[in-house]
Amino acid sequence: MIRNATKTTVLRALRTRAVSRGYASLAEKTFPNEPTAPAVATAIPGPTGKEKIAALNKVFDSAATTFMVDYEKSNGNYIVDADGNTLLDCYAQIASIPLGYNNPTLIEAAKDSKTISALVNRPASGNFPSTNYAEQISGLLKYAPKGMTEVWPGLSGSDANELAFKAAFIYQAAKKRGNADFTPEELESCMRNEAPGSKPFAIMSFETAFHGRLMASLSCTRSKPIHKLDIPAFHWPKAPFPQLKYPLDQNVEYNTAEEKRCLEEVEKLIKGWESPVAAVIVEPIQSEGGDNHASPNFFKGLRDVTKKHGVLLIVDEVQTGVGATGKMWAHEHWGLDGDGLPDLVTFSKKAQSAGYFFRDPAIRPTLAYRQFNTWCGDPAHIMITNAIFREVAENNLPAKAQEVGDYLYKGLTAIQSETGKISRVRGKGQGTFIAFDLASGAQRDQFVVNMRSLGVLVGGTGAQGIRLRPGLLFEEKHAKIFLDTVKKALEQSKA
Ligand SMILES: Cc1ncc(COP(=O)(O)O)c(C=O)c1O
């Protein structure tokens, strides 16, 4: 204990000297007091955590609570629980903390008088936008995906997707209707939730996709039954998502054929579905449903087939957006351009506010109140988003995520060949968006617990996967701790 404490003090002193001499990394400059290693003294949750969970459970369903967090003490890449345990956080609030806990730049942005004003005088921005709203929205658009010229803000990932669906329906109906007015039949039948006023449009999604938990987004979510059970659903088509074999370089022929098969199915479904498909929604990496990847060729093919049939392409960047895949927006890896760019791109999580970007002015409805709600976004959080986007772009954090991702990928593939206990390491060239499988769901669950008790927080994905979702100030020294802990956690698990 004493030796460890001495070591930590020496390391801290060395780091302080490095910071003052200007050699420090961005994480070190940003978080001069970030812990140097995890420190776990109790079970997680420990006695205080258990007490607090029990108290919470009386008033709030805490069935999914992992542990209680002390957010004021959490620092940089380290999360601190109610018992003072300090964990290296490789999951970052389900991929949604962009720049570490208590990032000083974001704290400054939160203290800005304009942010405070937006918090205490929350505007109904559709009717009464703040005098600085155009400036805030332009700030978002500055870092928007290539080609995107407008944004419509929402409140969460699910909300962003549902708003994008509405935009797609309104656009497709307007395209069919031309300049004609709504008919009396449309006006009257929509009030009975019937055609022709209520249109029988569909949104196509993919097997094992995740697009949220609200009513329409849930109809596009296909990751696990537990999310969908008992909830009414739209009868919308589900296309197969490529099931790639790993390692990719040894399965080129199989994977090419698999992607072709899936694209053929997409086209068949668009042509044959009982109702017109208004849009296809796709994640660049299926993040909840197993961290499933497809090649840029697959996505280019998807763009071609949607374009051919006048179907809009919605790219769901709720989890992949804002730098962690090595690009600001993951779909930049596909090399799309011009008319081939996605029609709509949704975002949330690391952006801390939500919404959809689009590039064709025709996607903006021509009448007021068609796309509308009380708040039409959250200006206080949009100001935080502005600060996040600036920090990510100015510090070139996507490129840094790529560097640390390469280190992680190399380390994990080495562990895969040395131990044989993990498989399908995936995410090469996709920044820190890296995942691997354990031999079964039970072994995966045990691995998550082992890692946590060794002081590293990771997330599960799909049936037996582990996913890495650290923030953008997660550096090689953090990655080294993660890799060393993976080895220890695997040693603890039965062969
Ligand atoms: C790709 C994707 N889309 C949508 C959502 C839903 O976002 P939210 O939980 O904020 O509604 C998620 C959440 O995990 C997601 O990963």
# chains A, B, ... in the order shown; residues from 1 in each chain; ligands from 1
>>> closest_atom_pairs(of="chain A", to="ligand 1", cutoff="7 Å", atoms="only C-alpha atoms and all ligand atoms", output="CSV")
residue,atom,partner,partner_atom_place_in_ligand_line,distance
A:Ile94,CA,ligand 1,14 (O),6.9
A:Ser156,CA,ligand 1,10 (O),4.1
A:Gly157,CA,ligand 1,7 (O),3.3
A:Ser158,CA,ligand 1,11 (O),3.6
A:Asp159,CA,ligand 1,11 (O),6.3
A:Asn161,CA,ligand 1,4 (C),7.0
A:Phe210,CA,ligand 1,2 (C),5.4
A:His211,CA,ligand 1,3 (N),3.8
A:Gly212,CA,ligand 1,6 (C),3.7
A:Arg213,CA,ligand 1,11 (O),6.2
A:Glu283,CA,ligand 1,1 (C),5.8
A:Gln286,CA,ligand 1,1 (C),6.8
A:Ser287,CA,ligand 1,16 (O),5.8
A:Glu288,CA,ligand 1,16 (O),5.9
A:Asp316,CA,ligand 1,1 (C),5.6
A:Glu317,CA,ligand 1,1 (C),6.1
A:Val318,CA,ligand 1,2 (C),4.8
A:Gln319,CA,ligand 1,16 (O),4.6
A:Ser348,CA,ligand 1,10 (O),6.4
A:Lys349,CA,ligand 1,10 (O),6.4
>>> select_by_dssp(residues="region 57-213 of chain A", states="strand (DSSP E)", output="ChimeraX atom specification")
/A:78-80,86-89,150-154,202-206
>>> closest_residue(among="A:Asp112, A:Asp339, A:Glu51, A:Asp89", to="Ala387 (chain A)", atoms="only C-alpha atoms")
A:Asp112
>>> closest_atom_pairs(of="region 74-128 of chain A", to="region 352-368 of chain A", cutoff="12 Å", atoms="only C-alpha atoms", output="Markdown table")
| residue | atom | partner | partner_atom | distance |
| --- | --- | --- | --- | --- |
| A:Gln93 | CA | A:Gln352 | CA | 11.4 |
| A:Ala95 | CA | A:Gln352 | CA | 10.7 |
| A:Ser96 | CA | A:Gln352 | CA | 7.2 |
| A:Ile97 | CA | A:Gln352 | CA | 8.0 |
| A:Pro98 | CA | A:Gln352 | CA | 8.4 |
| A:Leu99 | CA | A:Gln352 | CA | 11.0 |
| A:Leu106 | CA | A:Gln352 | CA | 11.0 |
| A:Gly126 | CA | A:Ala368 | CA | 9.2 |
| A:Asn127 | CA | A:Ala368 | CA | 10.1 |
>>> residues_around(residues="Leu119 (chain A)", least_positions_apart="2", cutoff="12 Å", atoms="only C-alpha atoms", output="VMD selection string")
chain A and resid 110 to 117 121 to 124 130 375 378 to 384
>>> write_last_selection(atoms="N, CA and C atoms", output="PDB file, in the first residue's frame")
ATOM      1  N   ALA A 110     -20.283  26.126 -19.699  1.00  0.00           N
ATOM      2  CA  ALA A 110     -21.510  26.043 -18.892  1.00  0.00           C
ATOM      3  C   ALA A 110     -21.709  27.308 -18.063  1.00  0.00           C
ATOM      4  N   LYS A 111     -20.585  27.941 -17.685  1.00  0.00           N
ATOM      5  CA  LYS A 111     -20.679  29.146 -16.842  1.00  0.00           C
ATOM      6  C   LYS A 111     -20.952  30.412 -17.652  1.00  0.00           C
ATOM      7  N   ASP A 112     -20.860  30.287 -18.965  1.00  0.00           N
ATOM      8  CA  ASP A 112     -21.102  31.452 -19.837  1.00  0.00           C
ATOM      9  C   ASP A 112     -22.506  32.008 -19.550  1.00  0.00           C
ATOM     10  N   SER A 113     -22.594  33.319 -19.478  1.00  0.00           N
ATOM     11  CA  SER A 113     -23.893  33.926 -19.118  1.00  0.00           C
ATOM     12  C   SER A 113     -24.987  33.536 -20.117  1.00  0.00           C
ATOM     13  N   LYS A 114     -24.599  33.295 -21.374  1.00  0.00           N
ATOM     14  CA  LYS A 114     -25.619  32.917 -22.379  1.00  0.00           C
ATOM     15  C   LYS A 114     -26.137  31.503 -22.102  1.00  0.00           C
ATOM     16  N   THR A 115     -25.232  30.616 -21.646  1.00  0.00           N
ATOM     17  CA  THR A 115     -25.675  29.253 -21.319  1.00  0.00           C
ATOM     18  C   THR A 115     -26.609  29.303 -20.108  1.00  0.00           C
ATOM     19  N   ILE A 116     -26.207  30.083 -19.115  1.00  0.00           N
ATOM     20  CA  ILE A 116     -27.038  30.183 -17.899  1.00  0.00           C
ATOM     21  C   ILE A 116     -28.410  30.762 -18.257  1.00  0.00           C
ATOM     22  N   SER A 117     -28.407  31.769 -19.109  1.00  0.00           N
ATOM     23  CA  SER A 117     -29.677  32.370 -19.510  1.00  0.00           C
ATOM     24  C   SER A 117     -30.568  31.338 -20.215  1.00  0.00           C
ATOM     25  N   ASN A 121     -34.074  30.390 -18.660  1.00  0.00           N
ATOM     26  CA  ASN A 121     -35.157  30.971 -19.478  1.00  0.00           C
ATOM     27  C   ASN A 121     -35.321  30.087 -20.704  1.00  0.00           C
ATOM     28  N   ARG A 122     -35.510  28.796 -20.493  1.00  0.00           N
ATOM     29  CA  ARG A 122     -35.475  27.875 -21.632  1.00  0.00           C
ATOM     30  C   ARG A 122     -36.456  28.312 -22.714  1.00  0.00           C
ATOM     31  N   PRO A 123     -35.940  28.656 -23.885  1.00  0.00           N
ATOM     32  CA  PRO A 123     -36.839  29.195 -24.907  1.00  0.00           C
ATOM     33  C   PRO A 123     -37.644  28.109 -25.627  1.00  0.00           C
ATOM     34  N   ALA A 124     -38.856  28.467 -26.030  1.00  0.00           N
ATOM     35  CA  ALA A 124     -39.605  27.659 -26.993  1.00  0.00           C
ATOM     36  C   ALA A 124     -39.100  28.133 -28.354  1.00  0.00           C
ATOM     37  N   SER A 130     -33.965  32.702 -29.118  1.00  0.00           N
ATOM     38  CA  SER A 130     -33.095  33.722 -28.542  1.00  0.00           C
ATOM     39  C   SER A 130     -32.398  34.503 -29.664  1.00  0.00           C
ATOM     40  N   TRP A 375     -39.850  22.979 -27.406  1.00  0.00           N
ATOM     41  CA  TRP A 375     -38.511  23.541 -27.279  1.00  0.00           C
ATOM     42  C   TRP A 375     -37.716  23.584 -28.588  1.00  0.00           C
ATOM     43  N   ASP A 378     -32.460  22.271 -27.441  1.00  0.00           N
ATOM     44  CA  ASP A 378     -32.072  22.648 -26.088  1.00  0.00           C
ATOM     45  C   ASP A 378     -30.875  23.599 -26.188  1.00  0.00           C
ATOM     46  N   PRO A 379     -31.153  24.914 -26.272  1.00  0.00           N
ATOM     47  CA  PRO A 379     -30.075  25.879 -26.529  1.00  0.00           C
ATOM     48  C   PRO A 379     -28.926  25.811 -25.523  1.00  0.00           C
ATOM     49  N   ALA A 380     -29.221  25.528 -24.250  1.00  0.00           N
ATOM     50  CA  ALA A 380     -28.118  25.471 -23.275  1.00  0.00           C
ATOM     51  C   ALA A 380     -27.151  24.357 -23.680  1.00  0.00           C
ATOM     52  N   HIS A 381     -27.711  23.211 -24.046  1.00  0.00           N
ATOM     53  CA  HIS A 381     -26.832  22.108 -24.461  1.00  0.00           C
ATOM     54  C   HIS A 381     -26.200  22.369 -25.828  1.00  0.00           C
ATOM     55  N   ILE A 382     -26.905  23.089 -26.681  1.00  0.00           N
ATOM     56  CA  ILE A 382     -26.297  23.404 -27.989  1.00  0.00           C
ATOM     57  C   ILE A 382     -25.039  24.261 -27.778  1.00  0.00           C
ATOM     58  N   MET A 383     -25.057  25.097 -26.739  1.00  0.00           N
ATOM     59  CA  MET A 383     -23.834  25.878 -26.462  1.00  0.00           C
ATOM     60  C   MET A 383     -22.704  24.963 -26.009  1.00  0.00           C
ATOM     61  N   ILE A 384     -23.054  23.944 -25.260  1.00  0.00           N
ATOM     62  CA  ILE A 384     -22.022  22.964 -24.853  1.00  0.00           C
ATOM     63  C   ILE A 384     -21.545  22.218 -26.111  1.00  0.00           C
TER      64      ILE A 384
END
>>> atom_distance(atom1="CA of Val266 (chain A)", atom2="CA of Ser223 (chain A)")
18.3 Å
>>> closest_residue(among="A:Ala324, A:Ala202, A:Ala442, A:Ile231", to="Ser275 (chain A)", atoms="only C-alpha atoms")
A:Ala202
>>> decode(residues="region 152-163 of chain A", atoms="all heavy atoms", output="short mmCIF file (atom, residue, chain, number, x, y, z; two decimals), in the first residue's frame")
data_model
loop_
_atom_site.label_atom_id
_atom_site.label_comp_id
_atom_site.auth_asym_id
_atom_site.auth_seq_id
_atom_site.Cartn_x
_atom_site.Cartn_y
_atom_site.Cartn_z
N TRP A 152 -31.80 20.36 -37.67
CA TRP A 152 -33.00 20.54 -36.86
C TRP A 152 -32.72 19.86 -35.51
O TRP A 152 -32.52 18.66 -35.45
CB TRP A 152 -34.23 19.91 -37.54
CG TRP A 152 -35.48 20.18 -36.74
CD1 TRP A 152 -36.14 19.32 -35.93
CD2 TRP A 152 -36.18 21.44 -36.66
NE1 TRP A 152 -37.21 19.94 -35.34
CE2 TRP A 152 -37.26 21.25 -35.76
CE3 TRP A 152 -36.00 22.70 -37.22
CZ2 TRP A 152 -38.17 22.26 -35.43
CZ3 TRP A 152 -36.90 23.71 -36.90
CH2 TRP A 152 -37.97 23.49 -36.02
N PRO A 153 -32.68 20.65 -34.43
CA PRO A 153 -32.29 20.08 -33.14
C PRO A 153 -33.38 19.23 -32.50
O PRO A 153 -34.58 19.50 -32.66
CB PRO A 153 -31.99 21.30 -32.28
CG PRO A 153 -31.98 22.48 -33.20
CD PRO A 153 -32.84 22.11 -34.37
N GLY A 154 -32.96 18.23 -31.77
CA GLY A 154 -33.87 17.36 -31.01
C GLY A 154 -33.38 17.22 -29.59
O GLY A 154 -32.54 18.00 -29.13
N LEU A 155 -33.89 16.19 -28.88
CA LEU A 155 -33.62 16.09 -27.45
C LEU A 155 -32.83 14.85 -27.06
O LEU A 155 -32.27 14.78 -25.97
CB LEU A 155 -34.94 16.12 -26.68
CG LEU A 155 -35.75 17.41 -26.90
CD1 LEU A 155 -37.11 17.30 -26.24
CD2 LEU A 155 -35.01 18.62 -26.40
N SER A 156 -32.81 13.82 -27.89
CA SER A 156 -32.10 12.58 -27.55
C SER A 156 -31.84 11.86 -28.88
O SER A 156 -32.32 12.30 -29.93
CB SER A 156 -32.98 11.68 -26.67
OG SER A 156 -34.11 11.25 -27.42
N GLY A 157 -31.13 10.75 -28.81
CA GLY A 157 -30.87 9.99 -30.03
C GLY A 157 -32.15 9.48 -30.67
O GLY A 157 -32.35 9.59 -31.89
N SER A 158 -33.03 8.92 -29.84
CA SER A 158 -34.30 8.39 -30.36
C SER A 158 -35.12 9.52 -30.99
O SER A 158 -35.71 9.37 -32.07
CB SER A 158 -35.13 7.77 -29.24
OG SER A 158 -34.40 6.82 -28.55
N ASP A 159 -35.15 10.65 -30.29
CA ASP A 159 -35.91 11.80 -30.78
C ASP A 159 -35.33 12.28 -32.11
O ASP A 159 -36.08 12.57 -33.06
CB ASP A 159 -35.83 12.91 -29.72
CG ASP A 159 -36.71 14.11 -30.04
OD1 ASP A 159 -37.86 13.89 -30.44
OD2 ASP A 159 -36.24 15.24 -29.89
N ALA A 160 -34.00 12.36 -32.19
CA ALA A 160 -33.37 12.81 -33.43
C ALA A 160 -33.79 11.90 -34.59
O ALA A 160 -34.13 12.38 -35.68
CB ALA A 160 -31.84 12.78 -33.28
N ASN A 161 -33.80 10.58 -34.35
CA ASN A 161 -34.19 9.65 -35.42
C ASN A 161 -35.66 9.83 -35.80
O ASN A 161 -36.01 9.84 -36.98
CB ASN A 161 -33.90 8.21 -35.00
CG ASN A 161 -32.41 7.91 -35.05
OD1 ASN A 161 -31.65 8.55 -35.78
ND2 ASN A 161 -31.97 6.93 -34.28
N GLU A 162 -36.51 9.98 -34.79
CA GLU A 162 -37.94 10.11 -35.11
C GLU A 162 -38.22 11.42 -35.86
O GLU A 162 -39.07 11.47 -36.75
CB GLU A 162 -38.78 10.03 -33.84
CG GLU A 162 -38.54 8.71 -33.12
CD GLU A 162 -39.78 8.07 -32.53
OE1 GLU A 162 -40.85 8.67 -32.57
OE2 GLU A 162 -39.64 6.92 -32.05
N LEU A 163 -37.49 12.47 -35.48
CA LEU A 163 -37.64 13.74 -36.22
C LEU A 163 -37.19 13.55 -37.67
O LEU A 163 -37.82 14.07 -38.60
CB LEU A 163 -36.82 14.84 -35.55
CG LEU A 163 -37.33 15.32 -34.18
CD1 LEU A 163 -36.27 16.19 -33.49
CD2 LEU A 163 -38.63 16.10 -34.30
#
